[in-house]
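**Student:** Following this message is one structure expressed as structure tokens.
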Number of protein chains: 2
Amino acid sequence: MSLTDLIAVARGDAPGDLLFTNGRVVNTLTAETEETDVVVFDGRIAGLGSGYQARETVDLRGAYLLPAFINGHSHVESSHLWITEYARAVVPHGTAAVLTDLHEIANVAGLAGVREVVRAAASLPLDLRLMAPSCVPATSLETAGATLAPDEILQALDLQGAVGLGEVMDFPGVIQAQPRVLEKLAAAAGRPIDGHAPGISGKALNAYIAAGPRSDHESTTLEEGREKLRRGMWLMIREGTTEKNLADLLPLVSDRTAARCLFVTDDRSAEDLLADGDVDAIVRKAIDLGLDPIRAVQLATLNPALCFGLRGLGAVAPGYRAHLIVCDDLRRPMPRCVYFDGRLVAEDGEPLFQAPSAAVDAALLRSVNIAPLTADSFALPSAGPRYPVIETIPGQILTGSRLGQVRTDSGGVLADPDRDILKLAVIERHHGSGRIGVGLVSGFGLKRGALASSYAHDSHNIIVVGVTDGDMLEAVRHLATMQGGLVAVAGGELLAALPLPVAGIMSTESPATVSHRGALLNAAALSLGARIPQPFAVLSFLSLPVIPSLRLTDMGLVDAGRGAFYDLTHLQ
Amino acid sequence: MSLTDLIAVARGDAPGDLLFTNGRVVNTLTAETEETDVVVFDGRIAGLGSGYQARETVDLRGAYLLPAFINGHSHVESSHLWITEYARAVVPHGTAAVLTDLHEIANVAGLAGVREVVRAAASLPLDLRLMAPSCVPATSLETAGATLAPDEILQALDLQGAVGLGEVMDFPGVIQAQPRVLEKLAAAAGRPIDGHAPGISGKALNAYIAAGPRSDHESTTLEEGREKLRRGMWLMIREGTTEKNLADLLPLVSDRTAARCLFVTDDRSAEDLLADGDVDAIVRKAIDLGLDPIRAVQLATLNPALCFGLRGLGAVAPGYRAHLIVCDDLRRPMPRCVYFDGRLVAEDGEPLFQAPSAAVDAALLRSVNIAPLTADSFALPSAGPRYPVIETIPGQILTGSRLGQVRTDSGGVLADPDRDILKLAVIERHHGSGRIGVGLVSGFGLKRGALASSYAHDSHNIIVVGVTDGDMLEAVRHLATMQGGLVAVAGGELLAALPLPVAGIMSTESPATVSHRGALLNAAALSLGARIPQPFAVLSFLSLPVIPSLRLTDMGLVDAGRGAFYDLTHLQ
């Protein structure tokens with residue numbers, strides 16, 4: 001970009017590339033709308049005001065012109081879309097930039113996987129801003145496919161678009177000041193450090209924040225969010241596919257605090273991205289819940305830019321990048337046109353760009369490596385009349401835990417579908433170690449069959465829930481053959497599948513195809529008796545040992561609140 | 001600092017250094033007060049809450065605990081205090097950090113002068129955050145003692161505490177995209193760039209902002225401030241010794257805009273620092289004018305920190321630096337105790353630290369070098385019955401301009417004290433070139449004598465205002481002998497003087513001595529008939545060719561609005 005030419009356009013001495021006329025500009029800097037023209041040159045806003053000329057004029061006829069949205073925290077892999085297709089899904093929803101912690105692919109493929117995503121994103125009309133994964137693996141309570149050591153984090157921070165350190169999920173490690181964690185924090189010194197401190201408060205929260213993290217997306221209650229704001233964290237209000245915190249946290253957004261709040265998706269499925277939207281969906285929902293529309297836009301634009309020090313993003317102002325949204329109704333903003341660096345990249349919900357055709361690195365396409373299994377692999381030895389059961393909680397990724405009465409036979413504990421107690425297993429799939437963790441879960445409601453996934457936070461081993469060991473085995477075998485994905489199986493038959501050949505967590509198919517296959521999977525799950533709308537999303541979090549309370553990894557049951565394996569001995 | 005130990009203190013597992021109890025913490029992050037303890041360790045806030053232990057406890061007995069103030073824009077040299085004494089003046093007023101553009105000393109002594117200030121500040125309980133001077137010299141319309149080329153700006157940006165590029169005063173150069181200016185902007189790419197755009201609006205303002213500056217302290221009207229906020233500039237509300245914009249701009253500070261406003265002093269005299277205060281004085285005045293006290297504190301703490309990306313400053317929160325103020329009345333905050341990195345550094349308005357005794361570099365102590373002068377040097381050739389007169393404007397550094405009827409004799413235009421038209425001269429004093437500019441000024445009201453100063457923005461040549469050429473000559477001679485300073489002369493007699501031997505602009509004497517001598521100078525000026533309370537401060541801006549409208553430099557009369565020399569030919 002020639003600054004000289006940009007200044008000349010701003011001055012009115014040279015024509016711009018693009019001129020928006022008759023629009024109402026949403027000014028996020030002053031929280032007002034302005035009826036003014038906007039001239040763009042070489043991908044930047046040159047000026048606002050009247051009397052400008054440009055090679056192309058867009059008459060907005062009274063429509064609103066907004067800065068495009070910034071997603072403050074996302075794991076793009078959780079859409080199951082390869083980054084090029086992810087862009088095709090979110091850009092039409094007005095997302096121009098995404099702060100992404102690529103720890104899903106990093107847990108499978110390490111720094112090489114991160115590099116591959118960053119490389120593939122470079123030519124897209126989406127600013128991928130990397131938060132270098134800090135916790136790969138998240139804990140020592142599970143087996144990941146790869147690790148990111150501090151020196152690799154430094155390398156990641158040198159990648160194009162890198163901003164800071166991704167969510168430091170190992171909050172017990174931080175609070176206990178474990179050297180392996182502090183070394184990673186030191187690697188990111190002076191940069192933004194994203195937090196992850198579910199349910200942490202008081203002195204533990206002070207300790208966590210003192211160590212460096214200055215934002216958090218795990219608040220689920222007013223009290224938790226308020227304390228984090230008070231102690232210096234930017235409050236990320238999350239609306240993901242599984243985790244929906246907006247309604248609970250919105251009362252925190254006031255004149256006194258709004259400038260330190262922002263919207264994030266964390267994890268959104270392709271289905272949700274297509275049917276509901278991305279950050280735009282949060283903006284709409286917030287407005288529906290009573291938030292002032294301009295303030296809602298601020299939480300999706302200027303505030304994430306300030307949180308992460310992203311100069312030139314989040315406002316319609318001279319020198320800012322011309323990432324813009326046109327919409328007709330500010331009380332229900334649906335992006336009609338989306339511009340990236342002044343280029344029209346989506347219209348009426350459809351992307352106007354193709355994903356680059358460059359192939360995904362072949363090394364990422366063979367990631368499922370499991371030791372031979374039999375149905376007996378899924379046996380769960382009895383520990384007495386009761387056994388710990390992971391309880392799913394609707395709309396949250398937190399889980400409960402209870403000691404349930406269980407059915408047993410000579411082989412051990414059995415699933416008990418009548419009482420919604422199912423078998424759950426996590427099979428190590430990176431190194432062919434044969435490690436398998438088996439436990440019980442409630443909330444899914446399956447009456448028969450099994451659901452399995454190679455997308456399971458954060459190590460992305462294979463996780464399978466089911467009624468019979470035989471169907472669980474069959475489901476895992478299908479995943480091994482497909483080199484990853486999601487499957488629904490019953491009576492030995494494959495009912496539906498979504499292959500995820502890229503690192504076992506992503507597809508290169510279109511958002512529509514992935515969404516459609518996802519819908520078929522959900523329908524299959526419903527046919528098996530599932531009671532929750534997104535069973536695979538819920539399933540994917542049951543192995544995440546950094547979210548309280550009870551979890552299952554390939555190494556066994558984890559008491560995530562304590563950051564340690566669950567003690568079964570007292571059940572005897 | 002050991003992060004491990006800090007975390008242990010935050011966790012409550014180890015005692016802190018200092019514990020504040022029974023205080024009301026002003027939480028700038030959430031705009032509320034909290035009754036909570038605060039524990040400090042190794043210069044940092046470790047935690048807030050109850051149950052902490054420390055080696056020393058301070059019982060606040062209900063007093064307020066605030067983050068210490070940050071001055072968002074200041075030229076510390078304008079206090080005439082060497083940096084060590086400057087710290088002794090402002091730290092007792094609660095200032096812990098100052099964003100300073102050292103362009104006063106840079107105009108005299110170049111990068112070496114900047115380095116010397118930064119070096120001397122390193123051991124002080126004051127965070128000196130350098131904004132590398134961008135405009136040395138400010139324009140080609142005057143003669144400076146030194147220049148800072150882009151490569152020297154890069155060197156300045158590498159100095160300890162450097163933040164970004166100082167106010168880009170050459171707004172005509174920016175708006176016209178002159179390569180010499182753009183090269184300096186490029187040197188600071190990715191860093192904060194401070195602006196200076198007095199009266200600039202519309203397309204010219206767009207052009208200026210598109211080039212990079214994102215803050216401005218020159219707004220004097222609501223309309224000007226509002227437009228700059230809308231176009232993406234942080235609004236710096238200035239209360240200096242000469243320039244007082246708070247009352248005019250305060251209505252702009254609303255729920256919608258407050259997060260993008262901050263207080264700055266720009267230029268404050270030692271007298272004002274002692275008698276009125278520093279940033280704390282602005283906070284008090286803003287509260288008196290009706291601003292919510294906590295919001296006033298935010299504009300002096302968190303907001304400047306956000307504007308400049310100063311992590312760890314501006315709030316009382318874990319991990320933040322323990323720069324703290326204790327005060328008893330939040331409606332009129334007078335810092336009773338000031339802590340810097342957890343150390344008590346001022347109490348009841350008195351500094352508790354001594355200025356380090358290291359001598360100022362000798363090279364800075366011989367900066368006045370003028371060619372021989374006679375009274376005839378101050379002659380002003382007649383250009384007709386009228387002549388342009390610089391009009392001072394009370395409370396502003398803007399000047400007016402009018403064509404006044406003038407008295408003449410065979411030697412040219414004469415001062416006309418009965419009509420308050422005085423002679424003004426600017427004598428080049430760095431290179432002994434003999435260049436002298438002579439003009440007329442109104443507003444001072446002197447009936448006899450002359451006032452002279454070697455502190456004259458921005459090139460710090462010698463500026464002298466007077467009734468007779470003889471007294472003007474005598475005043476300049478005294479300055480040459482003193483190697484810089486301020487003097488009042490009448491009838492050939494020296495009435496009062498403030499020697500400023502450091503670069504001709506600063507004293508190494510105490511704030512009290514400098515203030516006292518300044519008061520004597522003002523009294524002397526009053527005895528000569530002066531009608532304005534701070535005649536030397538006003539005088540110092542009359543040579544600043546980047547502020548509209550009419551100015552005088554060693555090279556002649558300048559039409560600052562046009563950025564060119566005044567055309568006298570049409571007067572013939």
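Following the order of the structure tokens, first chain is A, next is B, and so on, with residues numbered from 1 inside each chain and ligands from 1 in the order they appear.
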Fewer than 6 positions away in the same chain doesn't count, so skip those; otherwise give me all residues within 6 Å of stretch 341-354 of chain B, counting only C-alpha atoms, as a list in words.
**Tutor:**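 Everything that qualifies: Gly43, Arg88, Pro92, Arg321, Ala322 and His323 of chain B.
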**Student:** Give one line per residue of chain A that approaches chain B to at most 7 Å, naming the two atoms of the closest pair and their distance in Å to one decimal, counting only C-alpha atoms; sort by chain then ascending residue number and deliver it as CSV.
**Tutor:**
```
residue,atom,partner,partner_atom,distance
A:Leu3,CA,B:Ala211,CA,6.7
A:Thr4,CA,B:Ala177,CA,5.4
A:Ile7,CA,B:Ala207,CA,4.8
A:Ala10,CA,B:Ala207,CA,4.6
A:Arg11,CA,B:Lys203,CA,4.9
A:Gly12,CA,B:Lys203,CA,6.5
A:Asn27,CA,B:Arg230,CA,6.9
A:Leu29,CA,B:Arg230,CA,6.1
A:Thr30,CA,B:Thr257,CA,5.4
A:Ala31,CA,B:Arg256,CA,5.6
A:Ala46,CA,B:Ala210,CA,6.2
A:Gly47,CA,B:Asn206,CA,5.1
A:Gly49,CA,B:Gly202,CA,7.0
A:Ile175,CA,B:Ile7,CA,6.7
A:Ala177,CA,B:Thr4,CA,5.4
A:Gly202,CA,B:Gly49,CA,7.0
A:Lys203,CA,B:Arg11,CA,4.9
A:Ala204,CA,B:Arg11,CA,5.5
A:Asn206,CA,B:Gly47,CA,5.1
A:Ala207,CA,B:Ala10,CA,4.6
A:Ile209,CA,B:Pro318,CA,5.8
A:Ala210,CA,B:Gly319,CA,3.9
A:Ala211,CA,B:Ile7,CA,6.5
A:Gly212,CA,B:Gly319,CA,6.9
A:Leu229,CA,B:Thr30,CA,6.7
A:Arg230,CA,B:Thr30,CA,5.8
A:Arg231,CA,B:Ala317,CA,5.2
A:Gly232,CA,B:Ala317,CA,5.8
A:Asp255,CA,B:Asp255,CA,6.0
A:Arg256,CA,B:Ala31,CA,5.6
A:Thr257,CA,B:Thr30,CA,5.4
A:Ala317,CA,B:Arg231,CA,5.2
A:Pro318,CA,B:Ala210,CA,4.5
A:Gly319,CA,B:Ala210,CA,3.9
```
**Student:** Now that the selection is made, can you save its residues with N, CA and C atoms as a CSV table (one decimal), in the first residue's frame?
**Tutor:**
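Just written: selection36.csv:
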```csv
chain,number,residue,atom,x,y,z
A,3,LEU,N,1.2,4.8,1.2
A,3,LEU,CA,0.6,5.7,2.1
A,3,LEU,C,0.4,7.1,1.5
A,4,THR,N,1.3,7.4,0.6
A,4,THR,CA,1.2,8.7,-0.1
A,4,THR,C,-0.1,8.8,-0.9
A,7,ILE,N,-3.2,9.0,1.5
A,7,ILE,CA,-3.3,10.4,2.0
A,7,ILE,C,-3.9,11.3,0.9
A,10,ALA,N,-7.5,10.6,0.8
A,10,ALA,CA,-8.2,11.2,2.0
A,10,ALA,C,-8.3,12.7,1.9
A,11,ARG,N,-7.3,13.3,1.3
A,11,ARG,CA,-7.3,14.7,1.2
A,11,ARG,C,-8.3,15.2,0.1
A,12,GLY,N,-8.8,14.2,-0.7
A,12,GLY,CA,-9.7,14.6,-1.8
A,12,GLY,C,-9.1,14.9,-3.1
A,27,ASN,N,-20.6,4.1,14.0
A,27,ASN,CA,-19.3,4.6,14.5
A,27,ASN,C,-19.1,3.9,15.9
A,29,LEU,N,-16.5,4.1,17.7
A,29,LEU,CA,-15.6,4.9,18.5
A,29,LEU,C,-16.4,5.8,19.4
A,30,THR,N,-17.5,6.3,18.9
A,30,THR,CA,-18.3,7.2,19.6
A,30,THR,C,-19.8,6.7,19.9
A,31,ALA,N,-20.0,5.4,19.5
A,31,ALA,CA,-21.3,4.8,19.8
A,31,ALA,C,-22.4,5.6,19.2
A,46,ALA,N,-10.1,5.6,3.6
A,46,ALA,CA,-9.3,6.8,3.4
A,46,ALA,C,-9.9,7.9,4.2
A,47,GLY,N,-11.3,8.1,4.1
A,47,GLY,CA,-11.9,9.2,4.7
A,47,GLY,C,-13.4,9.0,4.8
A,49,GLY,N,-17.0,11.5,5.0
A,49,GLY,CA,-17.4,12.9,4.7
A,49,GLY,C,-17.9,13.0,3.3
A,175,ILE,N,-1.6,-21.7,38.8
A,175,ILE,CA,-1.8,-21.3,40.2
A,175,ILE,C,-0.7,-21.9,41.1
A,177,ALA,N,2.2,-22.4,40.0
A,177,ALA,CA,3.5,-21.9,39.5
A,177,ALA,C,4.4,-23.0,39.1
A,202,GLY,N,-11.4,-15.8,44.0
A,202,GLY,CA,-10.6,-15.5,45.2
A,202,GLY,C,-9.1,-15.5,45.0
A,203,LYS,N,-8.4,-16.1,45.9
A,203,LYS,CA,-6.9,-16.1,45.9
A,203,LYS,C,-6.4,-16.8,44.7
A,204,ALA,N,-7.1,-17.9,44.3
A,204,ALA,CA,-6.6,-18.7,43.2
A,204,ALA,C,-6.7,-17.9,41.9
A,206,ASN,N,-6.6,-14.5,41.8
A,206,ASN,CA,-5.5,-13.6,41.9
A,206,ASN,C,-4.2,-14.2,41.4
A,207,ALA,N,-4.0,-15.4,41.8
A,207,ALA,CA,-2.7,-16.0,41.4
A,207,ALA,C,-2.7,-16.3,39.9
A,209,ILE,N,-4.3,-14.6,37.5
A,209,ILE,CA,-4.1,-13.3,36.8
A,209,ILE,C,-2.8,-12.7,37.0
A,210,ALA,N,-2.3,-12.8,38.2
A,210,ALA,CA,-0.9,-12.2,38.5
A,210,ALA,C,0.1,-12.9,37.6
A,211,ALA,N,-0.1,-14.1,37.2
A,211,ALA,CA,0.8,-14.8,36.3
A,211,ALA,C,0.8,-14.3,34.9
A,212,GLY,N,-0.3,-13.6,34.5
A,212,GLY,CA,-0.2,-13.0,33.1
A,212,GLY,C,-1.5,-13.0,32.3
A,229,LEU,N,-13.9,-9.4,35.8
A,229,LEU,CA,-13.8,-8.0,35.3
A,229,LEU,C,-13.0,-7.2,36.4
A,230,ARG,N,-13.4,-7.3,37.6
A,230,ARG,CA,-12.8,-6.5,38.7
A,230,ARG,C,-11.3,-6.8,38.8
A,231,ARG,N,-10.9,-8.0,38.5
A,231,ARG,CA,-9.5,-8.3,38.7
A,231,ARG,C,-8.7,-8.1,37.5
A,232,GLY,N,-9.3,-7.6,36.5
A,232,GLY,CA,-8.5,-7.1,35.3
A,232,GLY,C,-8.6,-8.0,34.1
A,255,ASP,N,-22.8,0.6,31.3
A,255,ASP,CA,-21.9,1.7,31.0
A,255,ASP,C,-20.6,1.6,31.6
A,256,ARG,N,-20.5,1.0,32.8
A,256,ARG,CA,-19.3,1.0,33.5
A,256,ARG,C,-18.3,-0.1,33.0
A,257,THR,N,-18.9,-1.1,32.4
A,257,THR,CA,-18.0,-2.3,32.1
A,257,THR,C,-18.0,-2.6,30.6
A,317,ALA,N,-12.9,4.2,10.2
A,317,ALA,CA,-12.1,5.4,10.5
A,317,ALA,C,-10.9,5.4,9.6
A,318,PRO,N,-10.4,6.7,9.3
A,318,PRO,CA,-9.3,6.8,8.4
A,318,PRO,C,-8.1,5.9,8.8
A,319,GLY,N,-7.6,5.2,7.8
A,319,GLY,CA,-6.4,4.4,8.0
A,319,GLY,C,-6.8,3.0,8.5
```
**Student:** Any idea what's packed within 12 Å of stretch 405-408 of chain B, counting only C-alpha atoms, ignoring anything in its chain fewer than 6 positions away? Could you give it as number ranges by chain?
**Tutor:** B: 379-389, 414-423, 439-442, 571
**Student:** List every residue of stretch 289-414 of chain A that DSSP, applied to the backbone of this structure, assigns to alpha helix (DSSP H), and report them as JSON, numbers by chain.
**Tutor:** {"A": [293, 294, 295, 296, 297, 298, 299, 302, 303, 304, 305, 306, 307]}
**Student:** Could you write out that same residue set with N, CA, C and O atoms as a PDB file, in the first residue's frame?
**Tutor:**
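Full text of selection11.pdb as output:
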```pdb
ATOM      1  N   PRO A 293     -28.088  -1.879  20.225  1.00  0.00           N
ATOM      2  CA  PRO A 293     -27.459  -2.446  19.023  1.00  0.00           C
ATOM      3  C   PRO A 293     -26.029  -1.951  18.774  1.00  0.00           C
ATOM      4  O   PRO A 293     -25.163  -2.740  18.405  1.00  0.00           O
ATOM      5  N   ILE A 294     -25.792  -0.672  18.980  1.00  0.00           N
ATOM      6  CA  ILE A 294     -24.430  -0.173  18.709  1.00  0.00           C
ATOM      7  C   ILE A 294     -23.456  -0.751  19.723  1.00  0.00           C
ATOM      8  O   ILE A 294     -22.329  -1.126  19.389  1.00  0.00           O
ATOM      9  N   ARG A 295     -23.916  -0.852  20.961  1.00  0.00           N
ATOM     10  CA  ARG A 295     -23.044  -1.467  21.959  1.00  0.00           C
ATOM     11  C   ARG A 295     -22.768  -2.933  21.586  1.00  0.00           C
ATOM     12  O   ARG A 295     -21.642  -3.417  21.733  1.00  0.00           O
ATOM     13  N   ALA A 296     -23.771  -3.616  21.116  1.00  0.00           N
ATOM     14  CA  ALA A 296     -23.571  -5.008  20.696  1.00  0.00           C
ATOM     15  C   ALA A 296     -22.516  -5.080  19.594  1.00  0.00           C
ATOM     16  O   ALA A 296     -21.649  -5.960  19.604  1.00  0.00           O
ATOM     17  N   VAL A 297     -22.586  -4.136  18.671  1.00  0.00           N
ATOM     18  CA  VAL A 297     -21.582  -4.111  17.598  1.00  0.00           C
ATOM     19  C   VAL A 297     -20.197  -3.821  18.185  1.00  0.00           C
ATOM     20  O   VAL A 297     -19.199  -4.416  17.770  1.00  0.00           O
ATOM     21  N   GLN A 298     -20.135  -2.933  19.160  1.00  0.00           N
ATOM     22  CA  GLN A 298     -18.829  -2.647  19.778  1.00  0.00           C
ATOM     23  C   GLN A 298     -18.209  -3.908  20.383  1.00  0.00           C
ATOM     24  O   GLN A 298     -17.004  -4.127  20.285  1.00  0.00           O
ATOM     25  N   LEU A 299     -19.038  -4.724  21.029  1.00  0.00           N
ATOM     26  CA  LEU A 299     -18.508  -5.932  21.670  1.00  0.00           C
ATOM     27  C   LEU A 299     -17.996  -6.937  20.636  1.00  0.00           C
ATOM     28  O   LEU A 299     -17.311  -7.900  20.994  1.00  0.00           O
ATOM     29  N   LEU A 302     -14.774  -3.180  18.021  1.00  0.00           N
ATOM     30  CA  LEU A 302     -13.728  -2.370  18.657  1.00  0.00           C
ATOM     31  C   LEU A 302     -13.153  -3.048  19.902  1.00  0.00           C
ATOM     32  O   LEU A 302     -11.943  -2.998  20.146  1.00  0.00           O
ATOM     33  N   ASN A 303     -14.026  -3.657  20.702  1.00  0.00           N
ATOM     34  CA  ASN A 303     -13.550  -4.211  21.965  1.00  0.00           C
ATOM     35  C   ASN A 303     -12.555  -5.356  21.775  1.00  0.00           C
ATOM     36  O   ASN A 303     -11.506  -5.363  22.420  1.00  0.00           O
ATOM     37  N   PRO A 304     -12.844  -6.338  20.915  1.00  0.00           N
ATOM     38  CA  PRO A 304     -11.792  -7.347  20.683  1.00  0.00           C
ATOM     39  C   PRO A 304     -10.514  -6.737  20.109  1.00  0.00           C
ATOM     40  O   PRO A 304      -9.406  -7.184  20.436  1.00  0.00           O
ATOM     41  N   ALA A 305     -10.667  -5.713  19.267  1.00  0.00           N
ATOM     42  CA  ALA A 305      -9.458  -5.083  18.720  1.00  0.00           C
ATOM     43  C   ALA A 305      -8.622  -4.469  19.842  1.00  0.00           C
ATOM     44  O   ALA A 305      -7.392  -4.601  19.864  1.00  0.00           O
ATOM     45  N   LEU A 306      -9.288  -3.814  20.796  1.00  0.00           N
ATOM     46  CA  LEU A 306      -8.559  -3.210  21.914  1.00  0.00           C
ATOM     47  C   LEU A 306      -7.981  -4.280  22.832  1.00  0.00           C
ATOM     48  O   LEU A 306      -6.852  -4.158  23.308  1.00  0.00           O
ATOM     49  N   CYS A 307      -8.766  -5.301  23.078  1.00  0.00           N
ATOM     50  CA  CYS A 307      -8.300  -6.385  23.964  1.00  0.00           C
ATOM     51  C   CYS A 307      -6.978  -6.951  23.466  1.00  0.00           C
ATOM     52  O   CYS A 307      -6.083  -7.238  24.258  1.00  0.00           O
TER      53      CYS A 307
END
```
**Student:** Write down as an NGL selection string the residues of stretch 251-462 of chain A whose backbone DSSP state falls under strand (DSSP E or B).
**Tutor:** :A and (261-264 or 266 or 321 or 324-327 or 337-340 or 343-347 or 350-351 or 386-392 or 399-405 or 407-409 or 412-414 or 416 or 421-427 or 436-442 or 450-453 or 462)
**Student:** Could you list, as a ChimeraX atom specification, every residue within 6 Å of stretch 492-505 of chain B, counting only C-alpha atoms and ignoring same-chain residues fewer than 6 positions away?
**Tutor:** /B:80,364-365,367,454-455,471,483-486,517,521
**Student:** Save out the residues we just selected, N, CA and C atoms, as an mmCIF file, in the first residue's frame.
**Tutor:**
```cif
data_model
loop_
_atom_site.group_PDB
_atom_site.id
_atom_site.type_symbol
_atom_site.label_atom_id
_atom_site.label_comp_id
_atom_site.auth_asym_id
_atom_site.auth_seq_id
_atom_site.Cartn_x
_atom_site.Cartn_y
_atom_site.Cartn_z
ATOM 1 N N HIS B 80 10.935 23.550 33.198
ATOM 2 C CA HIS B 80 12.278 24.092 33.440
ATOM 3 C C HIS B 80 13.034 23.303 34.505
ATOM 4 N N LEU B 364 25.798 19.484 27.660
ATOM 5 C CA LEU B 364 24.472 20.109 27.682
ATOM 6 C C LEU B 364 24.496 21.485 28.330
ATOM 7 N N LEU B 365 25.626 21.814 28.968
ATOM 8 C CA LEU B 365 25.660 23.040 29.772
ATOM 9 C C LEU B 365 26.207 24.255 29.030
ATOM 10 N N SER B 367 25.051 25.767 25.645
ATOM 11 C CA SER B 367 24.203 25.637 24.451
ATOM 12 C C SER B 367 23.844 26.975 23.813
ATOM 13 N N SER B 454 15.386 31.859 26.690
ATOM 14 C CA SER B 454 15.988 30.918 25.748
ATOM 15 C C SER B 454 15.140 29.647 25.646
ATOM 16 N N TYR B 455 13.989 29.654 26.303
ATOM 17 C CA TYR B 455 13.035 28.562 26.184
ATOM 18 C C TYR B 455 11.909 29.056 25.293
ATOM 19 N N ASP B 471 16.716 47.745 25.826
ATOM 20 C CA ASP B 471 16.429 46.771 26.868
ATOM 21 C C ASP B 471 16.346 45.357 26.294
ATOM 22 N N GLN B 483 24.144 31.496 29.872
ATOM 23 C CA GLN B 483 23.952 30.278 29.082
ATOM 24 C C GLN B 483 22.509 29.787 29.168
ATOM 25 N N GLY B 484 21.621 30.762 29.043
ATOM 26 C CA GLY B 484 20.218 30.413 28.946
ATOM 27 C C GLY B 484 19.432 30.703 30.197
ATOM 28 N N GLY B 485 18.142 30.959 30.007
ATOM 29 C CA GLY B 485 17.267 31.216 31.135
ATOM 30 C C GLY B 485 16.163 32.178 30.762
ATOM 31 N N LEU B 486 15.600 32.778 31.797
ATOM 32 C CA LEU B 486 14.561 33.787 31.623
ATOM 33 C C LEU B 486 15.027 35.042 32.351
ATOM 34 N N ARG B 517 11.978 31.637 41.745
ATOM 35 C CA ARG B 517 12.570 32.561 40.765
ATOM 36 C C ARG B 517 11.552 32.907 39.674
ATOM 37 N N LEU B 521 10.214 36.565 38.637
ATOM 38 C CA LEU B 521 10.177 37.034 37.253
ATOM 39 C C LEU B 521 8.796 37.567 36.892
#
```
**Student:** Would you mind telling me which residue in B:Glu218, B:Glu271, B:Asp17, B:Asp280 lies nearest to B:Leu398 when using only C-alpha atoms?
**Tutor:**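 Once distances to B:Leu398 are computed over only C-alpha atoms, the minimum belongs to B:Glu218.
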**Student:** I need the residue nearest B:Thr100 from this list: B:Pro335, B:Gly277, B:Ala121, B:Gly173. Use only C-alpha atoms for the distance.
**Tutor:**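 So, comparing all the options, the nearest one is B:Ala121.
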**Student:** As an exercise, work out the distance from atom CA of B:Gly556 to atom CA of B:Leu451 in Å and give it to one decimal place.
**Tutor:**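 Computing it gives 19.3 Å between the two atoms.
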**Student:** Can you measure atom CA of A:Val467 to atom CA of A:Met482 for me? One decimal in Å is fine.
**Tutor:**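 These two atoms are separated by 22.4 Å.
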**Student:** Report the distance between atom CA of A:His103 and atom CA of A:His75 in Å, rounded to one decimal place.
**Tutor:**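 These atoms are spaced 7.3 Å apart.
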**Student:** Write out as a PyMOL selection string the residues lying within 12 Å of B:Val163, counting only C-alpha atoms and excluding same-chain residues fewer than 3 positions away.
**Tutor:** chain B and resi 72-73+98-101+127-133+153-154+156-160+166+188-194+305+307-311
**Student:** Measuring atom to atom with only C-alpha atoms, identify which of A:Leu124, A:His93, A:Cys337, A:Arg180 is nearest to A:Leu60.
**Tutor:**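 The closest residue to A:Leu60 is A:Cys337.
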**Student:** Could you give me, as a ChimeraX atom specification, the residues within 12 Å of A:Leu250, counting only C-alpha atoms and dropping anything in the same chain fewer than 2 positions from it?
**Tutor:** /A:219-223,225-226,235-239,244-248,252-254,257-258,261-263,282-283,285-292,295-296,299
